[in-house]
Amino acid sequence: DTGVSQNPRHKITKRGQNVTFRCDPISEHNRLYWYRQTLGQGPEFLTYFQNEAQLEKSRLLSDRFSAERPKGSFSTLEIQRTEQGDSAMYLCASNPRVGTYNEQFFGPGTRLTVL
Amino acid sequence: KQEVTQIPAALSVPEGENLVLNCSFTDSAIYNLQWFRQDPGKGLTSLLLIQSSQREQTSGRLNASLDKSSGRSTLYIAASQPGDSATYLCAVRGDSNYQLIWGAGTKLIIKP
């Protein structure tokens with residue numbers, strides 16, 4: 001499979017717990033993006049990596065959120081001390097640095113439910 | 001601050017009809033505009049991408065137009081089919097960064 005993959009697909013956790021999601025971009029895509037989508041809304045940008053460098057961060061990315069892309073390949077998004085308001089679909093996208101006019105290719109998402 | 005609006009929020013039409021979905025944006029300084037499809041509980045599938053210098057793009061029964069100066073884009077679906085039922089979202093990328101700014105989507109139902 002050459003598409004963007006995300007794991008886990010679903011996560012249920014209790015308020016106050018920490019969770020970590022993983023995104024594997026399309027091979028050789030050096031740009032990677034995280035978005036969050038709540039029910040009935042469009043996605044909201046969280047953060048963007050070019051290779052291992054985190055170049056853009058939204059104000060939505062509070063101190064409880066941290067994202068890494070240590071080797072410029074897969075990325076992880078960690079949420080500490082989860083709150084019920086963190087319940088959402090977390091989407092990852094990737095694209096190459098050149099070509100495709102910055103068309104972003106999305107994974108299936110990780111649905112987080114905080115009880 | 002860029003804002004993207006999609007009208008209508010929901011649309012239900014009989015199979016076979018041609019239809020138009022609308023997307024408007026407040027800041028015309030965009031790099032491109034992308035239309036996506038989202039099935040319930042699923043990720044996003046890119047349908048069409050229009051560069052800021054382009055007026056339209058076509059793929060099969062889909063045609064997307066862009067009028068940057070007026071801040072509008074339309075997605076035209078010809079000969080609609082029940083399999084077209086999904087939520088359609090538009091997203092714009094600005095000139096100065098790489099993030100996409102999204103509309104809330106139009107939920108489309110095609111009745112057999």
# chains A, B, ... in the order shown; residues from 1 in each chain; ligands from 1
$ interface_residues --of "chain B" --to "chain A" --cutoff "12 Å" --atoms "only C-alpha atoms" --output "count of residues only"
50
$ select_by_dssp --residues "stretch 12-110 of chain A" --states "strand (DSSP E)" --output "PyMOL selection string"
chain A and resi 12-13+19-24+31-37+44-50+53-57+65-68+75-79+88-95+105-106+110
$ select_by_dssp --residues "stretch 41-114 of chain A" --states "helix (DSSP H, G or I)" --output "number ranges by chain"
A: 84-86, 100-102
$ write_last_selection --atoms "N, CA and C atoms" --output "mmCIF file, in the first residue's frame"
data_model
loop_
_atom_site.group_PDB
_atom_site.id
_atom_site.type_symbol
_atom_site.label_atom_id
_atom_site.label_comp_id
_atom_site.auth_asym_id
_atom_site.auth_seq_id
_atom_site.Cartn_x
_atom_site.Cartn_y
_atom_site.Cartn_z
ATOM 1 N N GLN A 84 -12.068 16.027 27.389
ATOM 2 C CA GLN A 84 -13.173 15.606 26.530
ATOM 3 C C GLN A 84 -13.212 16.425 25.241
ATOM 4 N N GLY A 85 -12.778 17.656 25.296
ATOM 5 C CA GLY A 85 -12.752 18.502 24.109
ATOM 6 C C GLY A 85 -11.725 18.069 23.081
ATOM 7 N N ASP A 86 -10.850 17.135 23.446
ATOM 8 C CA ASP A 86 -9.878 16.624 22.484
ATOM 9 C C ASP A 86 -10.482 15.556 21.581
ATOM 10 N N THR A 100 3.168 18.277 -8.076
ATOM 11 C CA THR A 100 1.791 18.109 -7.581
ATOM 12 C C THR A 100 1.196 19.392 -6.990
ATOM 13 N N TYR A 101 1.883 20.546 -7.163
ATOM 14 C CA TYR A 101 1.317 21.830 -6.739
ATOM 15 C C TYR A 101 0.819 21.807 -5.301
ATOM 16 N N ASN A 102 1.522 21.106 -4.429
ATOM 17 C CA ASN A 102 1.165 21.036 -3.024
ATOM 18 C C ASN A 102 -0.152 20.319 -2.781
#
$ residues_around --residues "A:Lys14" --least-positions-apart "4" --cutoff "9 Å" --atoms "only C-alpha atoms" --output "list of chain:residue names"
A:Asn18, A:Thr82, A:Glu83, A:Gln84, A:Thr113, A:Val114, A:Leu115
$ atom_distance --atom1 "atom CA of A:Thr38" --atom2 "atom CA of B:Ser73"
23.9 Å
$ closest_residue --among "A:Ala53, A:Gln17, A:Gln80, A:Asn7" --to "A:Ser66" --atoms "only C-alpha atoms"
A:Gln80
$ atom_distance --atom1 "atom CA of A:His29" --atom2 "atom CA of A:Leu61"
23.1 Å
$ residues_around --residues "stretch 79-82 of chain B" --least-positions-apart "6" --cutoff "8 Å" --atoms "only C-alpha atoms" --output "PyMOL selection string"
chain B and resi 14-19+61+109-112
$ residues_around --residues "B:Gln54" --least-positions-apart "5" --cutoff "9 Å" --atoms "only C-alpha atoms" --output "list in words"
Asn32, Ser65, Leu66 and Asp67 of chain B
$ closest_residue --among "B:Leu108, B:Val20, B:Val13, B:Ser59" --to "B:Tyr76" --atoms "only C-alpha atoms"
B:Val20
$ atom_distance --atom1 "atom CA of A:Asn30" --atom2 "atom CA of A:Ala88"
25.7 Å
